[in-house]
file coords_12.txt (compact mmCIF, C-alpha atoms and all ligand atoms)
# COMPACT_ATOMS: atom_id res chain seq x y z
CA MET A 1 94.97 -20.79 45.29
CA SER A 2 95.90 -18.54 48.24
CA ARG A 3 93.52 -15.68 49.00
CA ILE A 4 94.17 -12.04 49.93
CA VAL A 5 91.96 -11.08 52.90
CA GLU A 6 91.48 -8.09 55.18
CA ASP A 7 89.97 -9.73 58.25
CA ILE A 8 92.47 -9.86 61.12
CA ASN A 9 90.24 -12.13 63.22
CA GLU A 10 90.23 -14.75 60.47
CA ILE A 11 94.04 -14.65 60.45
CA VAL A 12 94.20 -15.07 64.23
CA ASN A 13 91.80 -17.99 63.93
CA GLN A 14 93.96 -19.61 61.24
CA LEU A 15 97.01 -19.32 63.48
CA ARG A 16 95.09 -20.78 66.42
CA ILE A 17 94.09 -23.87 64.46
CA GLY A 18 97.69 -24.46 63.36
CA ASN A 19 97.62 -23.12 59.81
CA VAL A 20 100.18 -20.88 58.16
CA VAL A 21 99.21 -17.40 56.98
CA ALA A 22 101.05 -14.58 55.26
CA LEU A 23 100.91 -11.28 57.09
CA PRO A 24 102.43 -7.83 56.81
CA THR A 25 105.26 -6.59 58.97
CA GLU A 26 106.98 -3.23 58.56
CA THR A 27 110.02 -4.92 56.97
CA VAL A 28 108.67 -7.56 54.57
CA TYR A 29 105.66 -9.91 54.54
CA GLY A 30 106.10 -12.94 56.76
CA LEU A 31 104.85 -16.53 56.49
CA ALA A 32 103.55 -16.97 60.01
CA ALA A 33 102.68 -19.87 62.28
CA ASP A 34 102.11 -20.39 66.00
CA ALA A 35 105.63 -20.72 67.48
CA THR A 36 104.43 -23.19 70.11
CA ASN A 37 102.91 -25.62 67.61
CA ASP A 38 105.33 -28.15 66.05
CA ASP A 39 103.06 -29.09 63.16
CA ALA A 40 102.33 -25.48 62.31
CA VAL A 41 106.03 -24.51 62.35
CA CYS A 42 106.81 -27.57 60.23
CA LYS A 43 104.32 -26.34 57.61
CA VAL A 44 106.26 -23.07 57.33
CA PHE A 45 109.44 -24.97 56.39
CA ASP A 46 107.48 -27.10 53.90
CA VAL A 47 105.67 -24.20 52.22
CA LYS A 48 108.89 -22.18 51.93
CA GLN A 49 111.00 -25.23 51.01
CA ARG A 50 113.39 -24.01 53.62
CA PRO A 51 116.09 -26.33 55.03
CA LYS A 52 115.31 -27.21 58.65
CA ASN A 53 118.71 -26.01 59.85
CA HIS A 54 117.78 -22.37 59.15
CA PRO A 55 116.19 -21.20 62.39
CA LEU A 56 113.22 -18.83 62.42
CA ILE A 57 112.61 -15.49 64.13
CA MET A 58 110.04 -15.54 66.91
CA HIS A 59 107.79 -12.45 66.90
CA VAL A 60 106.50 -11.05 70.17
CA SER A 61 104.50 -8.09 71.43
CA SER A 62 106.57 -5.30 72.97
CA ASP A 63 105.28 -5.65 76.53
CA TRP A 64 105.73 -9.42 76.82
CA ASP A 65 108.26 -10.62 79.38
CA LEU A 66 111.25 -11.98 77.45
CA THR A 67 112.43 -14.02 80.44
CA THR A 68 109.66 -16.46 79.47
CA TRP A 69 111.99 -17.62 76.66
CA VAL A 70 115.40 -16.10 77.31
CA GLU A 71 118.07 -17.33 79.73
CA THR A 72 120.20 -14.19 79.96
CA ILE A 73 119.23 -10.69 78.91
CA PRO A 74 122.32 -8.45 78.80
CA LYS A 75 121.74 -5.03 80.35
CA TYR A 76 122.47 -3.04 77.17
CA THR A 77 119.68 -4.84 75.29
CA GLU A 78 117.10 -3.23 77.54
CA ALA A 79 118.05 0.20 76.21
CA LEU A 80 118.06 -1.11 72.63
CA ILE A 81 114.59 -2.59 73.07
CA LYS A 82 113.34 0.65 74.55
CA LYS A 83 114.71 2.61 71.63
CA PHE A 84 113.98 0.32 68.67
CA TRP A 85 110.92 -1.81 69.56
CA PRO A 86 108.46 -2.19 68.07
CA GLY A 87 110.68 -2.11 64.98
CA PRO A 88 113.16 -3.77 62.65
CA LEU A 89 115.72 -5.07 65.16
CA THR A 90 116.06 -8.78 65.98
CA PHE A 91 117.97 -10.00 69.04
CA VAL A 92 119.65 -13.39 69.30
CA PHE A 93 119.64 -14.52 72.94
CA LYS A 94 120.49 -17.65 74.87
CA LEU A 95 117.31 -19.77 74.94
CA LYS A 96 115.83 -20.84 78.25
CA LYS A 97 115.84 -24.63 78.58
CA ASP A 98 112.18 -25.13 79.39
CA ALA A 99 110.85 -22.44 77.02
CA ASN A 100 107.49 -23.36 75.53
CA ILE A 101 108.28 -23.12 71.83
CA SER A 102 108.68 -25.69 69.07
CA LYS A 103 112.25 -27.02 68.76
CA LEU A 104 111.95 -26.43 65.03
CA VAL A 105 111.98 -22.67 65.62
CA THR A 106 115.60 -22.67 66.74
CA GLY A 107 116.77 -25.66 64.69
CA SER A 108 117.50 -27.26 68.09
CA GLN A 109 120.18 -24.63 68.75
CA ASP A 110 120.44 -23.12 72.22
CA THR A 111 119.81 -19.59 70.98
CA ILE A 112 116.64 -17.83 69.89
CA ALA A 113 116.06 -14.88 67.55
CA ILE A 114 113.30 -12.53 68.74
CA ARG A 115 111.76 -9.38 67.37
CA CYS A 116 108.72 -7.18 67.93
CA PRO A 117 107.31 -5.95 64.58
CA SER A 118 105.85 -2.44 64.38
CA HIS A 119 103.19 -3.02 61.72
CA PRO A 120 99.90 -2.37 63.56
CA MET A 121 98.26 -5.47 62.05
CA ALA A 122 101.13 -7.73 63.14
CA LEU A 123 100.91 -6.29 66.66
CA GLU A 124 97.15 -6.71 66.81
CA ILE A 125 97.49 -10.35 65.73
CA LEU A 126 100.11 -11.01 68.42
CA ASN A 127 97.97 -9.44 71.11
CA LYS A 128 94.86 -11.35 70.06
CA LEU A 129 96.73 -14.63 69.66
CA GLY A 130 98.42 -14.16 73.03
CA ARG A 131 101.51 -16.13 72.06
CA PRO A 132 104.42 -15.67 69.67
CA PHE A 133 104.42 -16.53 65.99
CA VAL A 134 107.36 -17.36 63.76
CA ALA A 135 107.57 -15.47 60.50
CA PRO A 136 110.28 -15.94 57.91
CA SER A 137 109.89 -13.79 54.83
CA ALA A 138 106.95 -15.03 52.74
CA ASN A 139 108.91 -16.10 49.67
CA PRO A 140 110.22 -19.46 48.47
CA PHE A 141 113.63 -20.08 50.09
CA GLY A 142 116.42 -18.06 48.48
CA ARG A 143 114.13 -15.81 46.42
CA ILE A 144 113.28 -12.10 46.58
CA SER A 145 111.30 -11.13 49.68
CA PRO A 146 107.75 -9.75 49.29
CA THR A 147 106.81 -6.18 50.26
CA ASN A 148 103.11 -6.33 49.40
CA ALA A 149 100.33 -8.91 49.42
CA ALA A 150 100.34 -9.34 45.63
CA HIS A 151 104.03 -10.38 45.76
CA VAL A 152 103.13 -13.22 48.14
CA LEU A 153 100.27 -14.40 45.94
CA HIS A 154 102.57 -14.32 42.93
CA ASP A 155 105.18 -16.46 44.69
CA PHE A 156 102.82 -19.17 45.96
CA PRO A 157 100.34 -19.69 43.12
CA THR A 158 99.37 -23.24 44.09
CA ASP A 159 99.20 -22.92 47.90
CA THR A 160 96.01 -22.32 49.84
CA PHE A 161 96.82 -20.08 52.80
CA PHE A 162 95.32 -16.69 53.66
CA ILE A 163 97.33 -13.54 52.92
CA LEU A 164 96.48 -10.53 55.06
CA ASP A 165 96.67 -7.30 53.08
CA GLY A 166 98.43 -4.63 55.10
CA GLY A 167 99.60 -2.43 52.23
CA THR A 168 103.22 -1.85 51.24
CA CYS A 169 105.93 -2.51 53.83
CA ASN A 170 107.35 0.70 55.13
CA VAL A 171 110.93 -0.48 55.72
CA GLY A 172 111.28 -2.81 52.73
CA ILE A 173 114.25 -5.00 53.76
CA GLU A 174 114.47 -7.52 56.59
CA SER A 175 115.29 -6.58 60.17
CA THR A 176 118.83 -6.04 61.42
CA ILE A 177 119.85 -9.14 63.43
CA ILE A 178 122.28 -8.76 66.33
CA SER A 179 123.83 -11.46 68.44
CA CYS A 180 123.52 -10.60 72.15
CA LEU A 181 125.21 -13.66 73.62
CA LYS A 182 127.93 -11.55 75.29
CA ASN A 183 127.26 -9.32 78.26
CA ASP A 184 129.31 -6.34 77.13
CA SER A 185 128.93 -6.23 73.33
CA CYS A 186 126.78 -7.26 70.39
CA SER A 187 127.63 -8.20 66.81
CA ILE A 188 125.65 -7.69 63.62
CA LEU A 189 124.62 -10.99 62.02
CA ARG A 190 122.47 -9.45 59.29
CA PRO A 191 122.64 -5.73 58.42
CA GLY A 192 119.42 -3.74 57.99
CA VAL A 193 118.20 -0.18 58.20
CA ILE A 194 119.25 0.06 61.86
CA GLY A 195 123.02 0.25 61.42
CA GLU A 196 126.21 0.03 63.43
CA ILE A 197 126.31 3.74 64.24
CA GLU A 198 122.83 3.72 65.80
CA LEU A 199 123.65 0.58 67.80
CA GLN A 200 126.93 2.04 69.06
CA GLU A 201 125.03 4.66 71.01
CA PHE A 202 123.92 1.85 73.30
CA CYS A 203 126.66 -0.79 73.25
CA LYS A 204 129.97 -1.87 71.83
CA VAL A 205 129.54 -3.49 68.41
CA ILE A 206 132.18 -6.09 67.60
CA LYS A 207 132.83 -8.01 64.39
CA SER A 208 130.82 -11.20 64.26
CA GLU A 209 132.97 -14.17 65.25
CA SER A 210 130.12 -16.60 65.12
CA LYS A 211 129.34 -19.38 62.71
CA ILE A 212 125.68 -19.10 63.59
CA ARG A 213 123.36 -20.17 60.85
CA VAL A 214 122.00 -16.98 59.41
CA SER A 215 120.65 -17.04 55.86
CA GLY A 216 122.76 -13.96 55.38
CA ASN A 217 125.73 -16.30 55.67
CA LEU A 218 124.75 -18.09 52.50
CA LYS A 219 126.59 -16.86 49.46
CA TYR A 220 123.41 -16.39 47.41
CA HIS A 221 119.99 -15.35 48.66
CA TYR A 222 117.25 -12.87 47.75
CA GLN A 223 117.63 -14.00 44.13
CA PRO A 224 115.63 -13.11 41.04
CA GLN A 225 115.06 -15.71 38.30
CA LYS A 226 116.98 -13.72 35.70
CA PRO A 227 120.78 -13.43 35.91
CA LEU A 228 121.70 -10.35 37.94
CA PHE A 229 125.08 -8.63 37.98
CA TYR A 230 126.13 -5.79 40.22
CA PHE A 231 128.75 -3.18 39.44
CA THR A 232 130.47 -0.13 40.93
CA ASN A 233 131.44 3.13 39.28
CA ASN A 234 134.81 1.56 38.37
CA ASP A 235 132.91 -0.66 35.96
CA ILE A 236 131.05 2.02 34.02
CA GLU A 237 133.02 1.56 30.79
CA LEU A 238 132.52 -2.18 30.90
CA VAL A 239 128.81 -1.72 31.41
CA LYS A 240 128.48 0.90 28.66
CA ASN A 241 130.73 -0.59 26.04
CA ILE A 242 130.04 -4.27 26.40
CA PHE A 243 126.92 -5.07 28.35
CA LEU A 244 124.58 -2.33 27.16
CA LYS A 245 125.67 -2.73 23.54
CA ASP A 246 125.25 -6.45 23.22
CA ASN A 247 122.38 -7.33 25.50
CA ASN A 248 118.77 -6.68 26.27
CA ILE A 249 119.32 -5.33 29.76
CA TYR A 250 117.31 -3.98 32.67
CA LEU A 251 119.45 -1.31 34.33
CA LEU A 252 118.99 -0.20 37.96
CA THR A 253 121.16 2.60 39.33
CA PHE A 254 121.85 4.54 42.50
CA SER A 255 123.52 7.51 40.78
CA SER A 256 123.06 9.55 37.63
CA ILE A 257 126.10 8.25 35.75
CA PHE A 258 123.99 6.88 32.91
CA ASP A 259 121.66 8.71 30.54
CA ASN A 260 118.06 8.55 31.58
CA ASN A 261 117.15 6.64 28.46
CA LEU A 262 119.56 3.81 29.36
CA THR A 263 118.36 3.50 32.94
CA ASN A 264 115.14 1.70 33.80
CA TYR A 265 115.01 2.95 37.37
CA THR A 266 117.17 5.11 39.67
CA PHE A 267 116.74 4.53 43.39
CA PRO A 268 116.04 7.48 45.70
CA SER A 269 119.12 8.98 47.35
CA SER A 270 117.96 8.36 50.93
CA VAL A 271 118.65 4.90 52.38
CA LYS A 272 115.18 4.57 53.84
CA SER A 273 113.39 5.38 50.60
CA ALA A 274 115.72 3.18 48.56
CA ALA A 275 115.22 0.23 50.94
CA ARG A 276 111.47 0.56 50.54
CA GLU A 277 111.87 0.19 46.76
CA LEU A 278 114.62 -2.44 46.47
CA TYR A 279 112.63 -5.68 46.34
CA ARG A 280 109.74 -4.17 44.40
CA GLN A 281 112.10 -2.90 41.71
CA LEU A 282 113.98 -6.22 41.57
CA ARG A 283 110.64 -7.96 41.05
CA ILE A 284 109.64 -5.54 38.28
CA ALA A 285 113.02 -6.13 36.65
CA ASP A 286 112.60 -9.88 36.97
CA ASN A 287 109.16 -9.79 35.34
CA SER A 288 110.33 -7.54 32.50
CA ASN A 289 110.98 -8.57 28.95
CA THR A 290 114.78 -8.44 29.29
CA ASP A 291 117.51 -11.06 29.52
CA LEU A 292 119.71 -9.67 32.29
CA ILE A 293 119.48 -7.31 35.23
CA LEU A 294 122.38 -4.97 35.99
CA ILE A 295 122.39 -3.04 39.24
CA GLU A 296 124.80 -0.43 40.51
CA LEU A 297 125.91 -0.83 44.13
CA PRO A 298 124.81 1.97 46.48
CA PRO A 299 127.38 4.41 47.95
CA ASN A 300 130.16 2.84 50.00
CA HIS A 301 128.98 4.08 53.42
CA GLN A 302 128.03 1.92 56.38
CA GLU A 303 124.43 3.15 56.38
CA TRP A 304 123.95 1.45 53.00
CA ASN A 305 125.30 -1.93 54.25
CA GLY A 306 121.86 -3.52 54.45
CA LEU A 307 121.16 -2.83 50.80
CA VAL A 308 124.67 -3.70 49.62
CA GLU A 309 124.43 -7.06 51.36
CA ARG A 310 121.04 -7.85 49.77
CA ILE A 311 122.26 -6.89 46.29
CA LYS A 312 125.50 -8.86 46.55
CA LYS A 313 123.62 -11.96 47.62
CA ALA A 314 121.03 -11.50 44.88
CA GLY A 315 123.60 -11.50 42.09
CA LYS A 316 127.19 -11.73 40.91
CA ASN A 317 130.02 -9.27 40.50
CA ILE A 318 130.10 -8.18 36.86
CA ARG A 319 133.91 -8.50 36.70
CA THR A 320 134.56 -11.71 38.56
CA ASN A 321 131.27 -13.50 37.84
CA GLU A 322 131.23 -14.61 41.47
O1 LIG A 401 112.32 -8.56 59.06
C1 LIG A 401 112.39 -9.74 59.32
O2 LIG A 401 113.19 -10.20 60.16
C2 LIG A 401 111.41 -10.68 58.57
C3 LIG A 401 109.99 -10.33 58.97
C4 LIG A 401 108.95 -11.20 58.30
O3 LIG A 401 109.86 -10.35 60.36
N1 LIG A 401 111.72 -12.05 58.81
C5 LIG A 401 112.82 -12.64 58.28
O4 LIG A 401 112.90 -13.99 58.53
O5 LIG A 401 113.65 -12.07 57.63
P1 LIG A 401 113.87 -14.97 57.71
O6 LIG A 401 113.50 -16.33 58.17
O7 LIG A 401 113.75 -14.71 56.25
O8 LIG A 401 115.26 -14.64 58.26
C6 LIG A 401 115.54 -14.98 59.58
C7 LIG A 401 117.01 -15.00 59.80
C8 LIG A 401 117.66 -16.16 59.12
O9 LIG A 401 118.79 -15.67 58.45
C9 LIG A 401 118.01 -17.07 60.26
O10 LIG A 401 119.12 -17.86 59.96
C10 LIG A 401 118.26 -16.09 61.36
O11 LIG A 401 117.26 -15.14 61.19
N2 LIG A 401 118.11 -16.69 62.69
C11 LIG A 401 117.00 -17.20 63.24
N3 LIG A 401 117.26 -17.72 64.46
C12 LIG A 401 118.57 -17.52 64.69
C13 LIG A 401 119.44 -17.82 65.76
N4 LIG A 401 119.04 -18.46 66.84
N5 LIG A 401 120.72 -17.45 65.65
C14 LIG A 401 121.14 -16.79 64.55
N6 LIG A 401 120.37 -16.49 63.50
C15 LIG A 401 119.10 -16.85 63.56
MG MG A 402 114.12 -14.45 54.10
call {"tool": "encode", "arguments": {"input": "coords_12.txt", "output": "structure tokens"}}
result
Amino acid sequence: MSRIVEDINEIVNQLRIGNVVALPTETVYGLAADATNDDAVCKVFDVKQRPKNHPLIMHVSSDWDLTTWVETIPKYTEALIKKFWPGPLTFVFKLKKDANISKLVTGSQDTIAIRCPSHPMALEILNKLGRPFVAPSANPFGRISPTNAAHVLHDFPTDTFFILDGGTCNVGIESTIISCLKNDSCSILRPGVIGEIELQEFCKVIKSESKIRVSGNLKYHYQPQKPLFYFTNNDIELVKNIFLKDNNIYLLTFSSIFDNNLTNYTFPSSVKSAARELYRQLRIADNSNTDLILIELPPNHQEWNGLVERIKKAGKNIRTNE
């Protein structure tokens, strides 16, 4: 069985000897391994049961020189790094040919995703390790991401890696990923709490034209075990008259359209607070004694895009069943 620990040095040691560990970041817990070690990176794919063509994010400390790994660093990214690192923003750059990282990290593509996490424990580990680690979310592929150490333990009951307890993740959903392969603009590959409006202060944000392999491009992801359907306020009658009458349902909402006694949980009205709760509440719903989960979509504003995307990928539209 995996073990929850509090000793950072033990975690650094595990990474040094090529083992995987789970560790906290400010977004979600990550399943980490030394990015320069092929065998260690391979273990991450095996433990997660993740297809090898889904590249991993390389995590670095904020004062490391990115030209060690990156071919071209567009000017505007320097301002973005200054503003948002350490923090939940991941950059996709052109990879330098002779960069010293495992080919498995990038899925042999010529681009690399890099971020600097702001959780103090993650930063301390990077600084002590002295080289980057990869860290996909510490959940089995396609499932709900973990936002505390107990979630990780729950998801990997038969594995034997160490899980560093760093409390509850402050952000709660994965980092925003932007493609920075063009010199004059970026595009959002995966939305997160840093949104288009904040990015636009520093560079032009264009629609993503790429077919890059981002898990966010999969139709389903972040999924609970129970069936989950999402709805909007156009579907209220359908929800009230059909679903709530005939089924044993767990109901999650973002507004007060339903009576309190019908709703199991209403998310906070601020994006940041709601993001912090999303995965935890989905996990509670999934472990409840109900047959279905229904969740209202958040308001239709760009700042909620990160949550809307997670919810749509976690379930199906109540009307179309798609
Ligand atoms: O907040 C986060 O980013 C968390 C924490 C643990 O740091 N990590 C995370 O990793 O979400 P993961 O593996 O669950 O998601 C990484 C995403 C995937 O969708 C992957 O396809 C994409 O990053 N990605 C990695 N390398 C890429 C690349 N070179 N080009 C485009 N997308 C890439
Ligand atoms: Mg993930």
call {"tool": "residues_near_ligand", "arguments": {"input": "coords_12.txt", "ligand": "ligand LIG 401 (chain A)", "cutoff": "7 Å", "atoms": "all atoms listed in the file", "output": "tab-separated table (two decimals) with C-alpha atoms, keeping the file's coordinate frame"}}
result
chain	number	residue	atom	x	y	z
A	25	THR	CA	105.26	-6.59	58.97
A	27	THR	CA	110.02	-4.92	56.97
A	28	VAL	CA	108.67	-7.56	54.57
A	29	TYR	CA	105.66	-9.91	54.54
A	30	GLY	CA	106.10	-12.94	56.76
A	31	LEU	CA	104.85	-16.53	56.49
A	54	HIS	CA	117.78	-22.37	59.15
A	55	PRO	CA	116.19	-21.20	62.39
A	56	LEU	CA	113.22	-18.83	62.42
A	57	ILE	CA	112.61	-15.49	64.13
A	88	PRO	CA	113.16	-3.77	62.65
A	90	THR	CA	116.06	-8.78	65.98
A	92	VAL	CA	119.65	-13.39	69.30
A	106	THR	CA	115.60	-22.67	66.74
A	109	GLN	CA	120.18	-24.63	68.75
A	111	THR	CA	119.81	-19.59	70.98
A	112	ILE	CA	116.64	-17.83	69.89
A	113	ALA	CA	116.06	-14.88	67.55
A	117	PRO	CA	107.31	-5.95	64.58
A	135	ALA	CA	107.57	-15.47	60.50
A	136	PRO	CA	110.28	-15.94	57.91
A	137	SER	CA	109.89	-13.79	54.83
A	173	ILE	CA	114.25	-5.00	53.76
A	174	GLU	CA	114.47	-7.52	56.59
A	175	SER	CA	115.29	-6.58	60.17
A	177	ILE	CA	119.85	-9.14	63.43
A	212	ILE	CA	125.68	-19.10	63.59
A	213	ARG	CA	123.36	-20.17	60.85
A	214	VAL	CA	122.00	-16.98	59.41
A	215	SER	CA	120.65	-17.04	55.86
A	216	GLY	CA	122.76	-13.96	55.38
call {"tool": "residues_around", "arguments": {"input": "coords_12.txt", "residues": "stretch 231-246 of chain A", "least_positions_apart": "6", "cutoff": "10 Å", "atoms": "only C-alpha atoms", "output": "list of chain:residue names"}}
result
A:Thr253, A:Phe254, A:Ser255, A:Ile257, A:Phe258, A:Leu262, A:Leu292, A:Leu294, A:Ile295, A:Glu296, A:Leu297, A:Pro298, A:Pro299, A:Asn300, A:Lys312, A:Lys316, A:Asn317, A:Ile318, A:Arg319
call {"tool": "closest_residue", "arguments": {"input": "coords_12.txt", "among": "A:Ile8, A:Thr320, A:Asn260, A:Lys48", "to": "A:Asn127", "atoms": "all atoms listed in the file"}}
result
A:Ile8
call {"tool": "atom_distance", "arguments": {"input": "coords_12.txt", "atom1": "atom CA of A:Thr168", "atom2": "atom CA of A:Arg276"}}
result
8.6 Å
call {"tool": "closest_residue", "arguments": {"input": "coords_12.txt", "among": "A:Arg280, A:Lys96, A:Arg131, A:Lys219", "to": "A:Thr147", "atoms": "all atoms listed in the file"}}
result
A:Arg280
call {"tool": "closest_residue", "arguments": {"input": "coords_12.txt", "among": "A:Asp291, A:Asp7, A:Asn264, A:Arg190", "to": "ligand MG 402 (chain A)", "atoms": "all atoms listed in the file"}}
result
A:Arg190
call {"tool": "build_atoms", "arguments": {"input": "coords_12.txt", "residues": "stretch 4-13 of chain A", "atoms": "all heavy atoms", "output": "compact mmCIF listing (two decimals), in the frame of the given file"}}
result
# COMPACT_ATOMS: atom_id res chain seq x y z
N ILE A 4 93.84 -13.27 49.21
CA ILE A 4 94.17 -12.04 49.93
C ILE A 4 92.93 -11.62 50.72
O ILE A 4 91.84 -11.50 50.17
CB ILE A 4 94.61 -10.93 48.96
CG1 ILE A 4 95.90 -11.37 48.24
CG2 ILE A 4 94.82 -9.61 49.70
CD1 ILE A 4 96.49 -10.37 47.29
N VAL A 5 93.10 -11.43 52.04
CA VAL A 5 91.96 -11.08 52.90
C VAL A 5 92.30 -9.84 53.72
O VAL A 5 93.45 -9.41 53.79
CB VAL A 5 91.61 -12.25 53.86
CG1 VAL A 5 91.22 -13.49 53.08
CG2 VAL A 5 92.77 -12.55 54.81
N GLU A 6 91.26 -9.28 54.35
CA GLU A 6 91.48 -8.09 55.18
C GLU A 6 91.03 -8.28 56.62
O GLU A 6 91.12 -7.35 57.42
CB GLU A 6 90.76 -6.89 54.55
CG GLU A 6 91.49 -6.46 53.29
CD GLU A 6 90.83 -5.32 52.54
OE1 GLU A 6 89.76 -4.88 52.96
OE2 GLU A 6 91.44 -4.90 51.55
N ASP A 7 90.56 -9.48 56.95
CA ASP A 7 89.97 -9.73 58.25
C ASP A 7 91.01 -10.29 59.23
O ASP A 7 91.42 -11.44 59.14
CB ASP A 7 88.80 -10.71 58.07
CG ASP A 7 88.11 -11.03 59.38
OD1 ASP A 7 88.52 -10.47 60.42
OD2 ASP A 7 87.17 -11.83 59.36
N ILE A 8 91.43 -9.46 60.17
CA ILE A 8 92.47 -9.86 61.12
C ILE A 8 92.00 -11.04 61.97
O ILE A 8 92.79 -11.96 62.24
CB ILE A 8 92.86 -8.66 62.02
CG1 ILE A 8 93.61 -7.63 61.17
CG2 ILE A 8 93.74 -9.11 63.19
CD1 ILE A 8 94.28 -6.55 61.95
N ASN A 9 90.73 -11.04 62.36
CA ASN A 9 90.24 -12.13 63.22
C ASN A 9 90.34 -13.49 62.53
O ASN A 9 90.62 -14.51 63.16
CB ASN A 9 88.80 -11.86 63.67
CG ASN A 9 88.76 -10.68 64.61
OD1 ASN A 9 89.72 -10.42 65.35
ND2 ASN A 9 87.69 -9.91 64.55
N GLU A 10 90.11 -13.49 61.23
CA GLU A 10 90.23 -14.75 60.47
C GLU A 10 91.68 -15.25 60.50
O GLU A 10 91.95 -16.44 60.65
CB GLU A 10 89.77 -14.50 59.02
CG GLU A 10 89.82 -15.73 58.12
CD GLU A 10 88.96 -16.88 58.64
OE1 GLU A 10 87.77 -16.64 58.90
OE2 GLU A 10 89.48 -18.01 58.81
N ILE A 11 92.61 -14.30 60.42
CA ILE A 11 94.04 -14.65 60.45
C ILE A 11 94.41 -15.23 61.82
O ILE A 11 95.11 -16.24 61.92
CB ILE A 11 94.90 -13.40 60.11
CG1 ILE A 11 94.66 -12.96 58.67
CG2 ILE A 11 96.37 -13.63 60.39
CD1 ILE A 11 95.15 -13.91 57.60
N VAL A 12 93.92 -14.58 62.87
CA VAL A 12 94.20 -15.07 64.23
C VAL A 12 93.64 -16.48 64.39
O VAL A 12 94.30 -17.39 64.91
CB VAL A 12 93.59 -14.12 65.29
CG1 VAL A 12 93.74 -14.69 66.69
CG2 VAL A 12 94.23 -12.75 65.20
N ASN A 13 92.44 -16.68 63.86
CA ASN A 13 91.80 -17.99 63.93
C ASN A 13 92.64 -19.04 63.19
O ASN A 13 92.86 -20.16 63.68
CB ASN A 13 90.39 -17.89 63.35
CG ASN A 13 89.64 -19.18 63.52
OD1 ASN A 13 89.71 -19.78 64.59
ND2 ASN A 13 88.96 -19.62 62.48
